[in-house]
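Engineer: So here's protein01.cif (mmCIF, C-alpha atoms).
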```cif
data_my_file
#
loop_
_atom_site.label_atom_id
_atom_site.label_comp_id
_atom_site.auth_asym_id
_atom_site.auth_seq_id
_atom_site.Cartn_x
_atom_site.Cartn_y
_atom_site.Cartn_z
CA MET O 1326 0.00 0.00 0.00
CA ALA O 1327 1.43 3.39 -1.02
CA SER O 1328 0.09 6.90 -0.94
CA THR O 1329 0.96 10.58 -1.12
CA GLN O 1330 -0.58 13.25 1.07
CA LYS O 1331 -0.11 17.01 1.25
CA ARG O 1332 0.84 18.23 4.71
CA PRO O 1333 -0.25 21.56 6.32
CA ASP O 1334 3.23 22.99 5.71
CA GLY O 1335 2.79 22.45 1.95
CA ARG O 1336 5.22 19.49 1.68
CA TRP O 1337 4.18 16.12 0.31
CA ARG O 1338 4.42 12.98 2.43
CA ALA O 1339 4.96 9.76 0.53
CA ARG O 1340 4.60 6.50 2.38
CA TYR O 1341 4.39 2.75 1.80
CA ARG O 1342 4.44 -0.49 3.78
CA ASP O 1343 6.93 -3.23 2.99
CA ALA O 1344 6.20 -6.97 2.91
CA ALA O 1345 6.68 -7.15 6.69
CA GLY O 1346 4.08 -4.45 7.26
CA LYS O 1347 6.64 -1.86 8.29
CA GLU O 1348 5.83 1.70 7.21
CA HIS O 1349 8.39 3.87 5.43
CA ALA O 1350 7.89 7.56 4.63
CA ARG O 1351 9.71 10.50 3.05
CA HIS O 1352 8.79 14.14 2.55
CA PHE O 1353 9.16 16.15 -0.66
CA SER O 1354 8.57 19.72 -1.78
CA ARG O 1355 6.77 18.60 -4.95
CA LYS O 1356 4.14 15.92 -5.46
CA ILE O 1357 5.86 14.69 -8.62
CA ASP O 1358 9.03 13.93 -6.66
CA ALA O 1359 7.05 12.07 -4.01
CA GLN O 1360 5.30 9.99 -6.67
CA ARG O 1361 8.58 9.29 -8.47
CA TRP O 1362 10.06 7.93 -5.24
CA LEU O 1363 7.06 5.66 -4.72
CA ASP O 1364 7.31 4.47 -8.33
CA GLU O 1365 10.97 3.59 -7.82
CA VAL O 1366 10.15 1.67 -4.65
CA THR O 1367 7.34 -0.19 -6.43
CA ALA O 1368 9.65 -1.08 -9.32
CA SER O 1369 12.30 -2.40 -6.94
CA VAL O 1370 9.71 -4.61 -5.25
CA VAL O 1371 8.50 -5.99 -8.57
CA THR O 1372 12.02 -6.72 -9.81
CA GLY O 1373 13.16 -8.20 -6.50
CA ARG O 1374 15.69 -5.44 -5.84
CA TYR O 1375 13.90 -3.86 -2.92
CA VAL O 1376 15.93 -3.27 0.25
CA ASP O 1377 14.92 -1.81 3.58
CA PRO O 1378 16.27 1.76 3.60
CA LYS O 1379 17.24 1.42 7.26
CA ALA O 1380 19.07 -1.88 6.82
CA GLY O 1381 21.99 -0.27 5.02
CA LYS O 1382 22.71 2.10 7.89
CA ILE O 1383 24.94 -0.42 9.64
CA THR O 1384 28.64 -0.06 8.94
CA PHE O 1385 30.46 -2.46 6.67
CA ALA O 1386 32.45 -3.74 9.67
CA GLN O 1387 29.24 -4.52 11.57
CA TRP O 1388 27.78 -6.38 8.61
CA PHE O 1389 31.09 -8.18 7.92
CA GLU O 1390 31.38 -9.47 11.49
CA GLN O 1391 27.76 -10.63 11.43
CA TRP O 1392 28.29 -12.38 8.10
CA ALA O 1393 31.67 -13.88 9.03
CA ALA O 1394 30.27 -15.38 12.23
CA ALA O 1395 27.97 -17.58 10.12
CA GLN O 1396 30.71 -18.88 7.81
CA VAL O 1397 32.26 -22.34 8.11
CA TRP O 1398 35.92 -21.46 7.67
CA ALA O 1399 39.25 -23.10 8.35
CA THR O 1400 41.52 -21.20 10.72
CA GLY O 1401 43.64 -19.86 7.87
CA THR O 1402 40.63 -18.51 6.00
CA LYS O 1403 39.31 -16.89 9.16
CA LEU O 1404 42.64 -15.15 9.66
CA LYS O 1405 42.63 -13.87 6.07
CA ALA O 1406 39.10 -12.54 6.58
CA GLU O 1407 40.18 -10.64 9.68
CA GLN O 1408 43.10 -9.17 7.75
CA ALA O 1409 40.84 -8.21 4.84
CA LEU O 1410 38.45 -6.37 7.16
CA ALA O 1411 41.30 -4.59 8.92
CA ALA O 1412 42.64 -3.44 5.54
CA ALA O 1413 39.24 -2.17 4.30
CA THR O 1414 39.41 1.65 4.35
CA PHE O 1415 35.58 1.87 4.25
CA ARG O 1416 34.94 -0.51 7.15
CA ASP O 1417 33.42 2.21 9.36
CA SER O 1418 31.16 3.62 6.62
CA PRO O 1419 27.44 2.76 6.33
CA ILE O 1420 27.32 -0.17 3.96
CA ARG O 1421 24.73 1.47 1.72
CA SER O 1422 26.97 4.51 1.15
CA ILE O 1423 30.03 2.62 -0.14
CA LEU O 1424 30.62 3.35 -3.83
CA PRO O 1425 32.43 1.35 -6.53
CA SER O 1426 34.94 4.21 -6.76
CA GLN O 1427 35.79 3.73 -3.07
CA VAL O 1428 36.37 0.02 -3.62
CA GLN O 1429 38.60 0.75 -6.61
CA ALA O 1430 40.60 3.29 -4.58
CA TRP O 1431 40.99 0.67 -1.83
CA VAL O 1432 42.27 -1.91 -4.31
CA LYS O 1433 44.75 0.59 -5.71
CA GLY O 1434 46.03 1.40 -2.23
CA LEU O 1435 46.50 -2.27 -1.42
CA SER O 1436 48.32 -2.84 -4.70
CA ALA O 1437 50.99 -0.32 -3.71
CA ARG O 1438 52.10 -2.40 -0.73
CA LEU O 1439 50.86 -5.97 -1.18
CA ALA O 1440 51.43 -8.71 -3.74
CA PRO O 1441 48.72 -9.05 -6.42
CA ALA O 1442 47.75 -12.50 -5.12
CA THR O 1443 47.16 -11.09 -1.61
CA VAL O 1444 45.13 -8.19 -2.99
CA LYS O 1445 42.98 -10.70 -4.88
CA VAL O 1446 42.36 -12.74 -1.70
CA TYR O 1447 41.29 -9.66 0.28
CA TYR O 1448 39.10 -8.44 -2.58
CA ASN O 1449 37.36 -11.81 -2.96
CA ILE O 1450 36.55 -11.96 0.75
CA VAL O 1451 35.21 -8.40 0.86
CA SER O 1452 33.22 -8.93 -2.34
CA SER O 1453 31.68 -12.09 -0.85
CA ALA O 1454 30.53 -10.07 2.15
CA PHE O 1455 28.93 -7.44 -0.10
CA ARG O 1456 27.33 -10.17 -2.23
CA ALA O 1457 25.78 -11.69 0.89
CA ALA O 1458 24.45 -8.25 1.83
CA VAL O 1459 22.73 -8.05 -1.56
CA THR O 1460 21.21 -11.50 -1.05
CA ASP O 1461 19.90 -10.50 2.38
CA LYS O 1462 18.41 -7.28 0.95
CA VAL O 1463 20.71 -5.07 3.03
CA ILE O 1464 21.95 -3.27 -0.08
CA ALA O 1465 20.78 -3.29 -3.68
CA GLU O 1466 24.11 -3.80 -5.46
CA ASN O 1467 27.61 -5.10 -4.79
CA PRO O 1468 30.03 -2.15 -5.16
CA CYS O 1469 32.90 -4.56 -5.84
CA VAL O 1470 31.49 -5.54 -9.23
CA GLY O 1471 33.68 -4.21 -12.02
CA ALA O 1472 36.70 -3.38 -9.87
CA LYS O 1473 40.01 -3.86 -11.67
CA LEU O 1474 42.61 -5.90 -9.80
CA PRO O 1475 46.38 -5.70 -10.25
CA ARG O 1476 47.81 -8.10 -12.78
CA GLU O 1477 49.62 -11.11 -11.42
CA ARG O 1478 52.91 -12.18 -12.95
CA ARG O 1479 52.73 -15.08 -15.34
CA ARG O 1480 53.29 -18.26 -13.40
CA GLU O 1481 56.27 -19.29 -15.49
CA ALA O 1482 57.93 -15.98 -14.66
CA ALA O 1483 56.96 -15.89 -10.99
CA MET O 1484 57.69 -19.53 -10.14
CA THR O 1485 61.20 -20.35 -8.97
CA ILE O 1486 62.42 -23.94 -8.92
CA PRO O 1487 65.82 -25.01 -7.59
CA THR O 1488 68.00 -27.19 -9.77
CA PRO O 1489 69.00 -30.70 -8.64
CA GLU O 1490 72.49 -29.36 -8.01
CA GLN O 1491 71.18 -26.57 -5.77
CA LEU O 1492 68.97 -28.95 -3.83
CA GLY O 1493 71.92 -31.30 -3.40
CA LYS O 1494 73.97 -28.47 -1.90
CA ALA O 1495 71.16 -27.62 0.48
CA LEU O 1496 70.85 -31.20 1.72
CA LYS O 1497 74.60 -31.40 2.30
CA ALA O 1498 74.56 -28.12 4.25
CA ALA O 1499 71.53 -29.08 6.36
CA PRO O 1500 71.91 -30.58 9.84
CA ASP O 1501 71.19 -34.31 9.93
CA TRP O 1502 68.02 -33.74 11.96
CA PHE O 1503 66.62 -31.21 9.46
CA ALA O 1504 67.66 -32.74 6.12
CA PRO O 1505 64.78 -35.30 6.10
CA PHE O 1506 62.32 -32.44 6.53
CA ILE O 1507 63.73 -30.87 3.37
CA SER O 1508 63.50 -34.25 1.65
CA VAL O 1509 59.77 -34.77 2.27
CA CYS O 1510 59.12 -31.31 0.79
CA ALA O 1511 61.32 -31.94 -2.26
CA PHE O 1512 60.74 -35.64 -2.89
CA ALA O 1513 57.11 -36.03 -1.73
CA GLY O 1514 55.78 -32.56 -2.53
CA LEU O 1515 54.47 -31.85 0.97
CA ARG O 1516 53.60 -28.30 1.96
CA LEU O 1517 55.49 -26.85 4.92
CA GLY O 1518 52.56 -27.37 7.28
CA GLU O 1519 51.97 -30.92 6.03
CA ALA O 1520 55.63 -31.86 6.54
CA ALA O 1521 55.57 -30.31 10.02
CA GLY O 1522 52.48 -32.36 10.86
CA LEU O 1523 53.99 -35.76 10.05
CA GLN O 1524 53.92 -38.43 12.74
CA LEU O 1525 55.63 -41.81 12.74
CA GLY O 1526 52.35 -43.59 12.02
CA ASP O 1527 51.95 -41.63 8.78
CA VAL O 1528 54.91 -43.40 7.18
CA ASP O 1529 54.32 -46.92 5.89
CA PHE O 1530 57.88 -48.19 5.57
CA LEU O 1531 56.77 -51.48 3.96
CA ARG O 1532 54.43 -50.05 1.31
CA ARG O 1533 56.60 -46.93 0.83
CA THR O 1534 53.84 -44.41 1.34
CA ILE O 1535 53.33 -41.21 3.35
CA SER O 1536 49.81 -40.34 4.51
CA VAL O 1537 48.95 -36.64 4.71
CA SER O 1538 46.15 -36.41 7.26
CA ARG O 1539 46.95 -33.19 9.17
CA GLN O 1540 48.92 -29.98 8.99
CA ILE O 1541 50.39 -27.45 11.41
CA GLN O 1542 48.94 -23.99 10.94
CA GLY O 1543 50.26 -20.82 12.51
CA SER O 1544 53.39 -18.71 12.29
CA THR O 1545 54.56 -18.86 15.90
CA LYS O 1546 54.73 -21.43 18.68
CA ALA O 1547 51.83 -19.72 20.46
CA GLU O 1548 49.66 -19.67 17.33
CA ALA O 1549 50.55 -23.12 15.99
CA GLU O 1550 47.76 -25.68 15.99
CA VAL O 1551 47.05 -29.05 14.46
CA VAL O 1552 44.29 -28.87 11.84
CA PRO O 1553 43.07 -31.01 8.93
CA PRO O 1554 44.81 -30.53 5.56
CA LYS O 1555 43.51 -28.00 3.07
CA HIS O 1556 40.27 -28.99 1.37
CA GLY O 1557 40.98 -31.92 -0.93
CA SER O 1558 44.59 -32.29 0.25
CA GLU O 1559 44.25 -35.37 2.44
CA ARG O 1560 46.07 -38.06 0.50
CA VAL O 1561 48.53 -40.93 0.36
CA VAL O 1562 51.78 -40.16 -1.47
CA PHE O 1563 53.70 -43.04 -3.04
CA VAL O 1564 57.35 -42.22 -2.49
CA ALA O 1565 60.75 -43.53 -3.51
CA GLU O 1566 62.56 -46.22 -1.57
CA GLU O 1567 65.44 -43.80 -0.98
CA LEU O 1568 63.17 -41.37 0.86
CA ILE O 1569 61.74 -44.15 3.02
CA GLN O 1570 65.27 -45.20 3.96
CA ASP O 1571 66.14 -41.61 4.75
CA LEU O 1572 63.16 -41.36 7.11
CA ALA O 1573 64.01 -44.71 8.73
CA GLN O 1574 67.55 -43.51 9.44
CA HIS O 1575 66.10 -40.27 10.86
CA VAL O 1576 63.87 -42.20 13.26
CA GLN O 1577 66.78 -44.40 14.33
CA ALA O 1578 69.34 -41.61 14.77
CA VAL O 1579 67.19 -38.66 15.91
CA GLY O 1580 64.02 -40.35 17.08
CA VAL O 1581 60.51 -38.99 17.48
CA PHE O 1582 58.97 -36.96 20.29
CA GLY O 1583 55.69 -36.56 22.14
CA LYS O 1584 52.97 -39.14 22.64
CA GLU O 1585 51.91 -38.46 19.03
CA GLN O 1586 55.43 -39.43 17.86
CA TRP O 1587 56.11 -36.31 15.82
CA LEU O 1588 58.81 -36.79 13.19
CA PHE O 1589 60.07 -33.21 12.94
CA GLY O 1590 60.43 -30.29 15.28
CA TYR O 1591 62.73 -27.90 17.10
CA GLY O 1592 63.19 -27.28 20.80
CA GLY O 1593 60.83 -30.07 21.79
CA ALA O 1594 57.91 -28.72 19.74
CA TYR O 1595 56.68 -29.41 16.24
CA PHE O 1596 57.61 -26.86 13.58
CA ASN O 1597 55.48 -23.81 12.93
CA ARG O 1598 55.79 -21.66 9.82
CA ASN O 1599 58.42 -19.33 11.28
CA SER O 1600 60.58 -21.94 12.98
CA ALA O 1601 60.74 -24.13 9.87
CA ALA O 1602 61.41 -21.14 7.63
CA ASP O 1603 64.19 -19.94 9.95
CA ARG O 1604 65.95 -23.31 9.82
CA TRP O 1605 65.58 -23.37 6.02
CA LYS O 1606 67.00 -19.84 5.77
CA GLN O 1607 70.10 -20.97 7.63
CA VAL O 1608 70.50 -23.86 5.20
CA ARG O 1609 70.09 -21.55 2.20
CA GLU O 1610 72.74 -19.18 3.47
CA ALA O 1611 75.14 -21.99 4.31
CA SER O 1612 74.75 -23.58 0.87
CA GLY O 1613 74.59 -20.32 -1.10
CA ILE O 1614 71.66 -21.45 -3.25
CA GLY O 1615 69.73 -18.16 -3.22
CA THR O 1616 66.31 -17.25 -1.89
CA PHE O 1617 64.27 -20.36 -2.65
CA THR O 1618 61.42 -21.04 -0.21
CA LEU O 1619 60.35 -24.38 1.20
CA HIS O 1620 57.30 -24.14 -1.07
CA ASP O 1621 59.65 -23.97 -4.06
CA LEU O 1622 60.70 -27.51 -3.14
CA ARG O 1623 57.10 -28.56 -3.77
CA HIS O 1624 57.42 -27.02 -7.24
CA PHE O 1625 60.66 -29.01 -7.66
CA TYR O 1626 58.75 -32.22 -6.95
CA ALA O 1627 55.94 -31.30 -9.35
CA SER O 1628 58.39 -30.43 -12.12
CA GLY O 1629 60.09 -33.80 -11.67
CA LEU O 1630 56.81 -35.70 -11.99
CA ILE O 1631 55.89 -33.76 -15.12
CA ALA O 1632 59.32 -34.18 -16.69
CA ASP O 1633 59.02 -37.93 -16.13
CA GLY O 1634 55.78 -38.05 -18.11
CA CYS O 1635 53.17 -38.09 -15.33
CA ASP O 1636 49.71 -36.93 -16.43
CA VAL O 1637 47.68 -34.15 -14.85
CA VAL O 1638 45.56 -36.39 -12.61
CA THR O 1639 48.61 -38.20 -11.26
CA VAL O 1640 50.31 -34.92 -10.38
CA GLN O 1641 47.08 -33.56 -8.90
CA ARG O 1642 46.69 -36.54 -6.57
CA ALA O 1643 50.34 -36.50 -5.53
CA LEU O 1644 50.20 -32.80 -4.66
CA GLY O 1645 46.78 -32.88 -3.05
CA HIS O 1646 45.10 -30.34 -5.30
CA ALA O 1647 41.31 -30.27 -4.99
CA ALA O 1648 40.84 -30.42 -8.77
CA PRO O 1649 42.96 -31.06 -11.90
CA SER O 1650 42.25 -27.49 -13.02
CA ILE O 1651 44.32 -26.18 -10.09
CA THR O 1652 47.24 -28.34 -11.19
CA LEU O 1653 46.95 -27.13 -14.76
CA ASN O 1654 46.64 -23.50 -13.75
CA THR O 1655 49.77 -23.81 -11.61
CA TYR O 1656 52.02 -25.99 -13.74
CA SER O 1657 50.71 -25.90 -17.31
CA HIS O 1658 53.92 -24.19 -18.49
CA LEU O 1659 55.96 -27.22 -17.37
CA TRP O 1660 54.17 -29.73 -19.59
CA PRO O 1661 55.52 -30.27 -23.12
CA THR O 1662 53.88 -27.97 -25.64
CA ALA O 1663 51.87 -29.18 -28.61
CA GLU O 1664 54.81 -28.25 -30.85
CA ASP O 1665 57.16 -30.49 -28.87
CA LYS O 1666 54.72 -33.38 -29.05
CA THR O 1667 54.15 -32.83 -32.77
CA ARG O 1668 57.87 -32.95 -33.55
CA THR O 1669 58.41 -36.05 -31.42
CA ALA O 1670 55.42 -37.83 -32.96
CA GLY O 1671 56.62 -36.88 -36.45
CA SER O 1672 60.08 -38.30 -35.76
CA ARG O 1673 58.56 -41.56 -34.55
CA LEU O 1674 56.39 -41.83 -37.66
CA ILE O 1675 59.38 -41.31 -39.90
CA ALA O 1676 61.40 -43.86 -37.96
CA ALA O 1677 58.54 -46.36 -38.17
CA VAL O 1678 58.34 -46.00 -41.95
CA LEU O 1679 61.98 -45.59 -42.91
CA GLY O 1680 63.74 -47.30 -40.05
CA ASP O 1681 67.51 -46.78 -40.15
CA SER O 1682 67.22 -45.03 -43.52
CA ALA O 1683 65.61 -42.07 -41.71
CA ASP O 1684 69.00 -41.26 -40.20
CA SER O 1685 70.69 -41.53 -43.60
CA VAL O 1686 68.12 -39.15 -45.11
CA ARG O 1687 68.83 -36.57 -42.42
CA THR O 1688 72.57 -37.08 -42.87
CA ALA O 1689 72.37 -36.71 -46.64
CA GLY O 1690 70.28 -33.59 -46.29
CA THR O 1691 72.86 -32.09 -43.99
CA SER O 1692 75.84 -32.86 -46.27
CA ALA O 1693 74.11 -31.42 -49.32
CA GLN O 1694 73.85 -27.96 -47.75
#
```
Would you mind writing the structure in this file as structure tokens?
Structural biologist:
Amino acid sequence: MASTQKRPDGRWRARYRDAAGKEHARHFSRKIDAQRWLDEVTASVVTGRYVDPKAGKITFAQWFEQWAAAQVWATGTKLKAEQALAAATFRDSPIRSILPSQVQAWVKGLSARLAPATVKVYYNIVSSAFRAAVTDKVIAENPCVGAKLPRERRREAAMTIPTPEQLGKALKAAPDWFAPFISVCAFAGLRLGEAAGLQLGDVDFLRRTISVSRQIQGSTKAEAEVVPPKHGSERVVFVAEELIQDLAQHVQAVGVFGKEQWLFGYGGAYFNRNSAADRWKQVREASGIGTFTLHDLRHFYASGLIADGCDVVTVQRALGHAAPSITLNTYSHLWPTAEDKTRTAGSRLIAAVLGDSADSVRTAGTSAQ
């Protein structure tokens, strides 16, 4: 129900009731303006874009915290969400007043001090919060739509992979108690947190497998906690006999600790992100191999599988990616190109037809030039 009525002071009062029976009213100097407002409200109701004018008065931070409390997030995702909110320059503004230009300015500011991948993570979280506000009829539109994000470097340019020689130097420079930790990252493709979370029972010395069923999350000893692996990352990795022997020697010489029988740690505690990275930094400096990260050892493992002819699904399962598309997006540049395959297939066809004479044809062609 909607109506307009002229008040004693000469202004026009426009009012309507929403679906919940709540009355909303505004005052205008001209009747045509009052009617136009009612028409706009009616149109928004018909098209499903109606929002309660008072709902958007809450700040973005208030809405974000309300929305985040209902999400089922892993600890790492929750931390990223908190960081995204803290970085949002419009967090204290009424959510209905936030403009696309403000979001774009925020993205630009982030881009000046953060990596493109981090900016994208923050943007996606904030955009999800706005999108939920649209769904709940708090605001009519998501101001994040259309924002331009900083370009990320091409993966082949951004990815760094140590050579076998560099990795060999690192293993020689590493203390005996830390070298096996490096090995499970480089020769089983485990993430830092997954390697830190290994227990004796995860290694099947007879079947030569390593089960990834937990990870350590957190950057400090106080923050570190045992959590399930990333979504889709729980897996069994089939590893080389040499790595199994390396781990067996580690257990015999160094031992395990705690009732859980943790394989790796420092100072009587399992590794966290900082403690493992600090030990690795010492190894890097001692071996002079540069600034490779422990995650680069995971890339080393993936590149080895691909170079040996493993298909996408095999690499995906070994690395614990949730879907083959993630593997392709990350490592597509390491697979042989169509041109390489075409040349190799052509050579095999020629050899199949001509046999040894194929070599003589190539030789003759070369001598004639």
Engineer: For the provided coordinates, the residues matched by the PyMOL selection byres ((chain O and resi 1548-1555) around 9) should be stated as a list in words.
Structural biologist: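 After applying the PyMOL selection byres ((chain O and resi 1548-1555) around 9), what remains is Ala1399, Thr1400, Gly1518, Glu1519, Gly1522, Val1537, Ser1538, Arg1539, Gln1540, Ile1541, Gln1542, Gly1543, Ser1544, Thr1545, Lys1546, Ala1547, His1556, Gly1557, Ser1558, Glu1559, Tyr1595, Phe1596, Asn1597, Arg1598, Gly1645, His1646 and Ala1647 of chain O.
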Engineer: To one decimal in Å, tell me the separation between CA of Arg1336 in chain O and CA of Ser1354 in chain O.
Structural biologist: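 Separation between CA of Arg1336 in chain O and CA of Ser1354 in chain O: 4.8 Å.
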Engineer: Give as an NGL selection string the residues that the PyMOL selection byres ((chain O and resi 1404) around 12) matches when applied to the coordinates above.
Structural biologist: :O and (1393 or 1398-1403 or 1405-1411 or 1446-1447 or 1450 or 1542-1544 or 1548)
Engineer: Would you kindly translate the PyMOL selection byres ((chain O and resi 1492) around 10) into the concrete residues it picks from this file, as a JSON list (two decimals) with C-alpha atoms, keeping the file's coordinate frame?
Structural biologist:
```json
[["chain", "number", "residue", "atom", "x", "y", "z"],
["O", 1486, "ILE", "CA", 62.42, -23.94, -8.92],
["O", 1487, "PRO", "CA", 65.82, -25.01, -7.59],
["O", 1488, "THR", "CA", 68.00, -27.19, -9.77],
["O", 1489, "PRO", "CA", 69.00, -30.70, -8.64],
["O", 1490, "GLU", "CA", 72.49, -29.36, -8.01],
["O", 1491, "GLN", "CA", 71.18, -26.57, -5.77],
["O", 1493, "GLY", "CA", 71.92, -31.30, -3.40],
["O", 1494, "LYS", "CA", 73.97, -28.47, -1.90],
["O", 1495, "ALA", "CA", 71.16, -27.62, 0.48],
["O", 1496, "LEU", "CA", 70.85, -31.20, 1.72],
["O", 1497, "LYS", "CA", 74.60, -31.40, 2.30],
["O", 1498, "ALA", "CA", 74.56, -28.12, 4.25],
["O", 1507, "ILE", "CA", 63.73, -30.87, 3.37],
["O", 1508, "SER", "CA", 63.50, -34.25, 1.65],
["O", 1511, "ALA", "CA", 61.32, -31.94, -2.26],
["O", 1609, "ARG", "CA", 70.09, -21.55, 2.20],
["O", 1612, "SER", "CA", 74.75, -23.58, 0.87],
["O", 1614, "ILE", "CA", 71.66, -21.45, -3.25],
["O", 1617, "PHE", "CA", 64.27, -20.36, -2.65],
["O", 1622, "LEU", "CA", 60.70, -27.51, -3.14],
["O", 1625, "PHE", "CA", 60.66, -29.01, -7.66]]
```
Engineer: May I have the protein, DNA and RNA residues with any atom at most 12 Å from the point (65.1, -39.6, 16.4), counting all atoms listed in the file, written as a list in words?
Structural biologist: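 Final list of nearby residues, as requested, is Asp1501, Trp1502, Phe1503, Pro1505, Gln1524, Leu1525, Asp1571, Leu1572, Ala1573, Gln1574, His1575, Val1576, Gln1577, Ala1578, Val1579, Gly1580, Val1581, Phe1582, Gly1583, Gln1586, Trp1587, Leu1588, Phe1589, Gly1590, Tyr1591 and Gly1593 of chain O.
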Engineer: CA of Glu1585 in chain O to CA of Gln1641 in chain O: how many Å, to one decimal?
Structural biologist: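 Separation between CA of Glu1585 in chain O and CA of Gln1641 in chain O: 28.8 Å.
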Engineer: May I ask which of the residues O:Phe1512, O:Val1562, O:Lys1331, O:Glu1664 is the closest one to Asp1527 in chain O, counting all atoms listed in the file?
Structural biologist: O:Val1562
Engineer: Determine the nearest neighbour of Pro1500 in chain O from the options O:Ala1483, O:Val1678, O:Ala1611, O:Val1366, counting only C-alpha atoms.
Structural biologist: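 Of O:Ala1483, O:Val1678, O:Ala1611, O:Val1366, the one nearest Pro1500 in chain O is O:Ala1611, counting only C-alpha atoms.
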Engineer: Ranking O:Gly1514, O:Gly1634, O:Pro1333, O:Pro1441 by minimum distance to His1620 in chain O and counting only C-alpha atoms, which one comes first?
Structural biologist: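 That would be O:Gly1514, the residue with the smallest distance to His1620 in chain O.
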Engineer: Hey, can you check how far CA of Glu1567 in chain O sits from CA of Ala1513 in chain O?
Structural biologist: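 We find that CA of Glu1567 in chain O and CA of Ala1513 in chain O lie 11.4 Å from each other.
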Engineer: My list of candidates is O:Asp1636, O:Glu1566, O:Asp1417, O:Glu1390. Which is closest to Trp1660 in chain O when distances are computed with all atoms listed in the file?
Structural biologist: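 Between O:Asp1636, O:Glu1566, O:Asp1417, O:Glu1390, the residue approaching Trp1660 in chain O most closely is O:Asp1636.
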Engineer: Go through O:Lys1473, O:Arg1332, O:Lys1445, O:Arg1456 one by one, measure the shortest atom-to-atom distance of each to Val1428 in chain O using all atoms listed in the file, and give the residue with the smallest value.
Structural biologist: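 Answer, going by the shortest atom-to-atom distance: O:Lys1473.
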